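S.K.: Questions regarding the structure given below will be posed in turn.
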Amino acid sequence: MVLEATMICIDNSEWMRNGDYSPSRFQAQADAVNLICGAKTQSNPENTVGILTMAGKGVRVLVTPTSDLGKILACMHGLEIGGEMNLAAGIQVAQLALKHRQNKKQLQRIIVFAGSPVKHDKKVLEMIGRKLKKNSVALDVVDFGEDEDGKTEKLEALGAAVNNNDSSHLVHVPPGPNALSDVLISTPIFTGDGEGGSGFAAAAAAAAAGGVTGFDFGVDPNLDPELALALRVSMEEERARQEAAAKKAAEEAVRQEKGGEQQSSSQDANMAESSDATNAEAENKKNDLMDDENALLKQALAMSMDDPGSTTTVQDAEMSDAAVDDQDLQLALQLSVHDSTKESASQTDMSKLLADQSFVSSILASLPGVDPNDPSVKDVLASMQNQSEPQQNKDEDKPPAEEEKK
């Protein structure tokens, strides 16, 4: 792989507004510059690329040689178109930028896009070419667009003066249906001086840009036969793998269909067996129910045919039990009446004692601090006597009633 430092000189003159190259000269030139920058940086990671403009107010360096592809592509946006191209000044500024490159081991190359007429004389260009050759600077010129005032002859003279061991190239790209970048892909500007790495970088750049070169896989077999063969073998292997996968998928589909039919037949047989077993269980349950009903009917008939004497005996036993229960009840009633009679007799005795005024007076006199002649005590005794009299009358009326009950 070639280790190079490259400066690309862009033509941004008024002639770049023409539309004979799709979509315009300037846009076609920008696409080609992007591809060249990608090819150079991919062929060797240590390669550097710089860009400058040759028209407008003067030659202006957009970016010095660098390996940052993003920075290189970003400088192409927003460029102004105007003025006339100054080819001689552009080449001299590019040579000065390459002279101050960081890595002195890098080879020096200048790529010039000339899309407008060349105003310089042929001798001036030859002198610039000899100076470039003296400083070991290679020059690639892309001639497109205007072809007046002996432009082609001047550029050929420049190329012949700078060429050393076919290190410099001149490419003429006439207007046509193909894009400028598509035409340049198959030229030595992309493929390099027979280096495989540069050819691979050109193919990768073309694939990234989506360009159509007319060759299989976008690679010219004459320029890089090994890459073309490797791509063809890889494609054949991929095609064979896809065919094998499709065949395997078809076989699996057929196998699944057969398996589905076998499963359906086995499911039908299982369903038939389960239905037979269900019917047999239903018949057995029905027979069991019939047997239970017959047994219950027989038991009912046997109970109805039993001896009636046994039923009367059971009824007599129940009556005798009821009679025994009645005797216990009568005894309990008699005891409760006797207790009530005793209570009433005790209450009657107490009322008689309270009615005896002399007895009550003697009891009160015996109590310390109680005066029987006190009016309040007499009132209490009088009220107690009044209460005892009705109680005595009730007690006198009760005994006849009890005697009648007895």
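Within each chain, counting starts at residue 1; across the structure tokens, chains are named A, B, ... in the order shown, with ligands numbered 1 upward in that order.
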Might you pull out every residue within 9 Å of A:Val112, with only C-alpha atoms counted and same-chain residues fewer than 2 positions away left off, and present them as a list in words?
M.R.: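 In the requested format, the answer is Met7, Ile8, Cys9, Ile10, Asp11, Leu87, Gly90, Ile91, Ile110, Ala114, Leu139, Asp140, Val141, Val142 and Asp143 of chain A.
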S.K.: Please produce an output containing N, CA, C and O atoms for each residue in the selection, written as a tab-separated table (two decimals), in the first residue's frame.
M.R.:
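What ended up in part07.tsv:
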```tsv
chain	number	residue	atom	x	y	z
A	7	MET	N	-3.02	16.51	-2.11
A	7	MET	CA	-3.75	17.77	-2.12
A	7	MET	C	-4.64	17.80	-3.35
A	7	MET	O	-4.18	17.56	-4.48
A	8	ILE	N	-5.93	18.06	-3.15
A	8	ILE	CA	-6.91	18.09	-4.22
A	8	ILE	C	-7.27	19.55	-4.49
A	8	ILE	O	-7.71	20.28	-3.58
A	9	CYS	N	-7.11	19.98	-5.75
A	9	CYS	CA	-7.40	21.36	-6.16
A	9	CYS	C	-8.77	21.38	-6.86
A	9	CYS	O	-8.96	20.72	-7.90
A	10	ILE	N	-9.73	22.11	-6.27
A	10	ILE	CA	-11.11	22.15	-6.75
A	10	ILE	C	-11.32	23.40	-7.60
A	10	ILE	O	-10.86	24.51	-7.25
A	11	ASP	N	-12.05	23.25	-8.69
A	11	ASP	CA	-12.42	24.37	-9.56
A	11	ASP	C	-13.82	24.84	-9.14
A	11	ASP	O	-14.81	24.13	-9.35
A	87	LEU	N	-5.03	28.17	-12.28
A	87	LEU	CA	-4.43	26.84	-12.21
A	87	LEU	C	-3.01	26.91	-11.68
A	87	LEU	O	-2.62	26.11	-10.82
A	90	GLY	N	-2.89	27.66	-7.93
A	90	GLY	CA	-3.40	26.53	-7.16
A	90	GLY	C	-2.39	25.42	-7.01
A	90	GLY	O	-2.21	24.83	-5.93
A	91	ILE	N	-1.68	25.09	-8.11
A	91	ILE	CA	-0.69	24.02	-8.04
A	91	ILE	C	0.48	24.42	-7.13
A	91	ILE	O	0.98	23.61	-6.35
A	110	ILE	N	-0.60	15.66	-6.20
A	110	ILE	CA	-1.59	16.73	-6.39
A	110	ILE	C	-2.60	16.26	-7.42
A	110	ILE	O	-2.21	15.76	-8.50
A	114	ALA	N	-9.96	20.42	-13.49
A	114	ALA	CA	-10.00	21.59	-14.39
A	114	ALA	C	-11.27	21.51	-15.23
A	114	ALA	O	-11.33	20.75	-16.21
A	139	LEU	N	1.46	14.39	-10.25
A	139	LEU	CA	0.32	15.24	-10.60
A	139	LEU	C	-0.70	14.44	-11.40
A	139	LEU	O	-0.34	13.80	-12.40
A	140	ASP	N	-1.97	14.48	-10.95
A	140	ASP	CA	-3.08	13.88	-11.69
A	140	ASP	C	-4.04	15.02	-12.06
A	140	ASP	O	-4.41	15.84	-11.21
A	141	VAL	N	-4.43	15.06	-13.34
A	141	VAL	CA	-5.30	16.13	-13.85
A	141	VAL	C	-6.56	15.49	-14.40
A	141	VAL	O	-6.49	14.54	-15.21
A	142	VAL	N	-7.72	16.01	-13.97
A	142	VAL	CA	-9.02	15.57	-14.48
A	142	VAL	C	-9.55	16.69	-15.36
A	142	VAL	O	-9.91	17.79	-14.87
A	143	ASP	N	-9.59	16.45	-16.67
A	143	ASP	CA	-10.03	17.44	-17.64
A	143	ASP	C	-11.49	17.17	-17.99
A	143	ASP	O	-11.82	16.12	-18.55
```
S.K.: Pick out the residues sitting within 12 Å of A:Phe113, and hand them over as number ranges by chain; count only C-alpha atoms, and ignore anything fewer than 5 positions along from it in its own chain.
M.R.: A: 7-13, 16, 25-26, 28-30, 32-33, 36, 51-55, 85-87, 90-91, 118, 139-146, 155, 170-173, 180-181, 184, 189
S.K.: Mind the document's chain letters and residue numbers, and return as a PyMOL selection string the residues of stretch 38-146 of chain A that DSSP labels alpha helix (DSSP H).
M.R.: chain A and resi 38-43+69-74+87-99+122-134
S.K.: Take the residues from that selection and put them in a file with C-alpha atoms, as a compact mmCIF listing (two decimals), in the first residue's frame.
M.R.:
```
# COMPACT_ATOMS: atom_id res chain seq x y z
CA GLY A 38 -12.46 7.82 0.76
CA ALA A 39 -10.25 5.74 -1.53
CA LYS A 40 -7.05 7.42 -0.34
CA THR A 41 -7.84 7.12 3.38
CA GLN A 42 -8.99 3.49 3.08
CA SER A 43 -5.99 2.30 1.11
CA LEU A 69 -12.29 11.86 6.59
CA GLY A 70 -15.14 13.63 8.35
CA LYS A 71 -13.23 16.88 8.46
CA ILE A 72 -12.35 16.51 4.77
CA LEU A 73 -15.95 15.93 3.69
CA ALA A 74 -17.32 18.70 5.92
CA LEU A 87 -4.43 26.84 -12.21
CA ALA A 88 -0.79 27.89 -11.75
CA ALA A 89 -1.37 29.51 -8.34
CA GLY A 90 -3.40 26.53 -7.16
CA ILE A 91 -0.69 24.02 -8.04
CA GLN A 92 2.01 26.12 -6.37
CA VAL A 93 -0.01 26.52 -3.12
CA ALA A 94 -0.71 22.75 -3.10
CA GLN A 95 3.04 22.05 -3.47
CA LEU A 96 3.76 24.38 -0.56
CA ALA A 97 1.16 22.61 1.63
CA LEU A 98 2.68 19.22 0.81
CA LYS A 99 6.16 20.52 1.61
CA LYS A 122 1.91 26.45 -22.35
CA LYS A 123 5.45 27.43 -21.33
CA VAL A 124 4.36 28.59 -17.88
CA LEU A 125 2.66 25.26 -17.26
CA GLU A 126 5.73 23.33 -18.48
CA MET A 127 7.92 25.27 -16.06
CA ILE A 128 5.57 24.45 -13.18
CA GLY A 129 5.64 20.77 -14.25
CA ARG A 130 9.44 20.61 -14.21
CA LYS A 131 9.48 22.18 -10.75
CA LEU A 132 7.04 19.55 -9.47
CA LYS A 133 9.15 16.77 -10.97
CA LYS A 134 12.25 18.18 -9.30
```
S.K.: To one decimal place in Å, what is the distance between atom CA of A:Glu80 and atom CA of A:Asn47?
M.R.: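 Calculated distance between atom CA of A:Glu80 and atom CA of A:Asn47 is 27.8 Å.
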S.K.: For A:Asp166, which residue out of A:Gly19, A:Gly78, A:Pro188, A:Gly56 is the nearest one, using only C-alpha atoms?
M.R.: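 So, comparing all the options, the nearest one is A:Pro188.
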S.K.: Record the distance separating atom CA of A:Leu301 and atom CA of A:Glu283, expressed in Å with one decimal.
M.R.: 27.4 Å
S.K.: Between atom CA of A:Ala228 and atom CA of A:Gly176, what is the distance in Å, rounded to a tenth?
M.R.: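 Computing the Euclidean distance for atom CA of A:Ala228 and atom CA of A:Gly176 yields 27.0 Å.
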S.K.: Quick one: DSSP strand (DSSP E) residues in stretch 52-243 of chain A, as a ChimeraX atom specification?
M.R.: /A:52-53,60-66,107-114,137-144,169-173
S.K.: Kindly indicate which residue among A:Gln27, A:Ser376, A:Thr191, A:Ser186 lies nearest to A:Leu79, using only C-alpha atoms for the distances.
M.R.: A:Gln27
S.K.: Find the spatial neighbours of A:Asn164, counting only C-alpha atoms, within a cut-off of 8 Å - ignore same-chain residues fewer than 3 positions away - and output them as a list of chain:residue names.
M.R.: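 Using only C-alpha atoms, the neighbours found are A:Lys133, A:Ala138, A:Ser167, A:Ser168.
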